[in-house]
$ cat target39.cif   # mmCIF, C-alpha atoms, pLDDT in the B column; chains and numbers go by the auth columns
data_model
#
loop_
_atom_site.group_PDB
_atom_site.id
_atom_site.type_symbol
_atom_site.label_atom_id
_atom_site.label_comp_id
_atom_site.label_asym_id
_atom_site.label_seq_id
_atom_site.Cartn_x
_atom_site.Cartn_y
_atom_site.Cartn_z
_atom_site.B_iso_or_equiv
_atom_site.auth_seq_id
_atom_site.auth_asym_id
ATOM 1 C CA MET A 1 46.353 7.565 19.110 40.00 73 Q
ATOM 2 C CA SER A 2 43.445 5.751 17.411 44.00 74 Q
ATOM 3 C CA LYS A 3 42.820 2.051 17.639 55.00 75 Q
ATOM 4 C CA GLN A 4 42.774 0.215 14.360 59.00 76 Q
ATOM 5 C CA LYS A 5 39.467 -1.543 13.789 72.00 77 Q
ATOM 6 C CA LYS A 6 39.749 -5.291 13.228 81.00 78 Q
ATOM 7 C CA ARG A 7 38.871 -6.214 9.678 84.00 79 Q
ATOM 8 C CA ARG A 8 35.989 -8.714 9.411 87.00 80 Q
ATOM 9 C CA PHE A 9 35.167 -11.095 6.571 86.00 81 Q
ATOM 10 C CA ASN A 10 31.737 -12.484 5.711 89.00 82 Q
ATOM 11 C CA ILE A 11 31.977 -15.301 3.198 88.00 83 Q
ATOM 12 C CA SER A 12 29.803 -18.134 2.033 91.00 84 Q
ATOM 13 C CA ILE A 13 31.555 -21.491 1.807 91.00 85 Q
ATOM 14 C CA THR A 14 30.541 -24.980 0.755 93.00 86 Q
ATOM 15 C CA GLU A 15 30.527 -27.937 3.113 93.00 87 Q
ATOM 16 C CA ARG A 16 33.739 -29.229 1.491 95.00 88 Q
ATOM 17 C CA GLU A 17 35.431 -25.851 1.939 95.00 89 Q
ATOM 18 C CA HIS A 18 34.274 -25.779 5.561 94.00 90 Q
ATOM 19 C CA ALA A 19 35.806 -29.203 6.211 94.00 91 Q
ATOM 20 C CA THR A 20 39.065 -28.202 4.505 95.00 92 Q
ATOM 21 C CA ILE A 21 39.363 -25.005 6.533 94.00 93 Q
ATOM 22 C CA LEU A 22 38.854 -26.921 9.787 95.00 94 Q
ATOM 23 C CA ALA A 23 41.399 -29.566 8.716 94.00 95 Q
ATOM 24 C CA ALA A 24 43.936 -26.891 7.789 93.00 96 Q
ATOM 25 C CA LEU A 25 43.509 -25.132 11.136 93.00 97 Q
ATOM 26 C CA ARG A 26 43.986 -28.408 13.031 92.00 98 Q
ATOM 27 C CA LEU A 27 47.043 -29.249 10.906 89.00 99 Q
ATOM 28 C CA TRP A 28 48.504 -25.823 11.706 88.00 100 Q
ATOM 29 C CA GLN A 29 47.988 -26.545 15.414 87.00 101 Q
ATOM 30 C CA GLU A 30 49.821 -29.861 15.151 85.00 102 Q
ATOM 31 C CA ALA A 31 52.736 -28.427 13.187 81.00 103 Q
ATOM 32 C CA ASP A 32 53.143 -25.552 15.673 68.00 104 Q
ATOM 33 C CA GLU A 33 56.866 -24.729 15.845 64.00 105 Q
ATOM 34 C CA HIS A 34 57.721 -26.801 12.798 66.00 106 Q
ATOM 35 C CA ASN A 35 55.738 -24.707 10.324 68.00 107 Q
ATOM 36 C CA ARG A 36 57.489 -23.977 7.081 71.00 108 Q
ATOM 37 C CA GLY A 37 58.582 -20.412 6.507 78.00 109 Q
ATOM 38 C CA ASP A 38 56.198 -19.729 3.622 82.00 110 Q
ATOM 39 C CA LEU A 39 53.182 -20.814 5.667 84.00 111 Q
ATOM 40 C CA ARG A 40 54.336 -18.844 8.688 84.00 112 Q
ATOM 41 C CA ASP A 41 54.665 -15.791 6.436 87.00 113 Q
ATOM 42 C CA ILE A 42 50.992 -16.146 5.465 87.00 114 Q
ATOM 43 C CA ALA A 43 49.937 -16.616 9.097 86.00 115 Q
ATOM 44 C CA GLU A 44 51.938 -13.563 10.189 88.00 116 Q
ATOM 45 C CA GLU A 45 50.569 -11.308 7.456 88.00 117 Q
ATOM 46 C CA ALA A 46 48.103 -9.678 9.888 86.00 118 Q
ATOM 47 C CA GLY A 47 50.331 -9.858 12.969 88.00 119 Q
ATOM 48 C CA ILE A 48 51.080 -12.606 15.444 88.00 120 Q
ATOM 49 C CA PRO A 49 49.605 -15.963 14.326 87.00 121 Q
ATOM 50 C CA LEU A 50 46.729 -17.389 16.353 89.00 122 Q
ATOM 51 C CA SER A 51 47.661 -19.475 19.378 90.00 123 Q
ATOM 52 C CA ASN A 52 46.407 -23.051 19.707 91.00 124 Q
ATOM 53 C CA GLU A 53 43.748 -21.816 22.119 94.00 125 Q
ATOM 54 C CA GLU A 54 42.620 -19.130 19.663 94.00 126 Q
ATOM 55 C CA ILE A 55 42.439 -21.741 16.898 93.00 127 Q
ATOM 56 C CA ASP A 56 40.222 -23.902 19.141 95.00 128 Q
ATOM 57 C CA VAL A 57 37.863 -20.959 19.647 95.00 129 Q
ATOM 58 C CA LEU A 58 37.844 -20.188 15.917 94.00 130 Q
ATOM 59 C CA CYS A 59 37.046 -23.814 15.040 94.00 131 Q
ATOM 60 C CA GLU A 60 34.179 -23.758 17.538 94.00 132 Q
ATOM 61 C CA ARG A 61 32.867 -20.529 15.981 92.00 133 Q
ATOM 62 C CA ILE A 62 33.067 -22.019 12.504 90.00 134 Q
ATOM 63 C CA ASN A 63 31.236 -25.156 13.626 88.00 135 Q
ATOM 64 C CA PHE A 64 28.619 -23.173 15.565 78.00 136 Q
ATOM 65 C CA THR A 65 27.942 -20.931 12.573 64.00 137 Q
ATOM 66 C CA ARG A 66 27.359 -23.950 10.355 60.00 138 Q
ATOM 67 C CA THR A 67 25.160 -25.658 12.931 57.00 139 Q
ATOM 68 C CA ALA A 68 23.133 -22.507 13.603 57.00 140 Q
ATOM 69 C CA GLY A 69 22.593 -22.017 9.876 56.00 141 Q
ATOM 70 C CA GLU A 70 21.428 -25.590 9.437 59.00 142 Q
ATOM 71 C CA LYS A 71 18.928 -25.230 12.283 53.00 143 Q
ATOM 72 C CA ARG A 72 17.550 -22.018 10.796 47.00 144 Q
ATOM 73 C CA ASN A 73 17.091 -23.663 7.409 46.00 145 Q
ATOM 74 C CA ALA A 74 15.615 -26.885 8.801 41.00 146 Q
#
$ encode --input "target39.cif" --output "structure tokens"
Amino acid sequence: MSKQKKRRFNISITEREHATILAALRLWQEADEHNRGDLRDIAEEAGIPLSNEEIDVLCERINFTRTAGEKRNA
């Protein structure tokens, strides 16, 4: 039985896109059990949706990546 490798995405986003992604993740956290079916379908496309704790970690990663990039370019 082979383990499936997690698919990774490397994208370049604008500052506005970055802010929108963070806002959407935080909104998803707040909605939690009250998420509409169509949005839950999107979140479940790759398996179980991220937990609130996993979303926190993802938001930190997104913010760290932006901050690290700004420091490198400064």
$ residues_around --input "target39.cif" --residues "Q:Gly119" --least-positions-apart "6" --cutoff "12 Å" --atoms "only C-alpha atoms" --output "list in words"
Lys78, Arg112 and Asp113 of chain Q
$ atom_distance --input "target39.cif" --atom1 "atom CA of Q:Arg79" --atom2 "atom CA of Q:Ala95"
23.5 Å
$ closest_residue --input "target39.cif" --among "Q:Ile120, Q:Ser84, Q:Asp110, Q:Cys131" --to "Q:Ala96" --atoms "all atoms listed in the file"
Q:Cys131
$ atom_distance --input "target39.cif" --atom1 "atom CA of Q:Gln101" --atom2 "atom CA of Q:Asn124"
5.8 Å
$ atom_distance --input "target39.cif" --atom1 "atom CA of Q:Arg88" --atom2 "atom CA of Q:Ile114"
22.0 Å
$ closest_residue --input "target39.cif" --among "Q:Phe136, Q:Asp128, Q:Leu97, Q:Glu87" --to "Q:Leu111" --atoms "all atoms listed in the file"
Q:Leu97
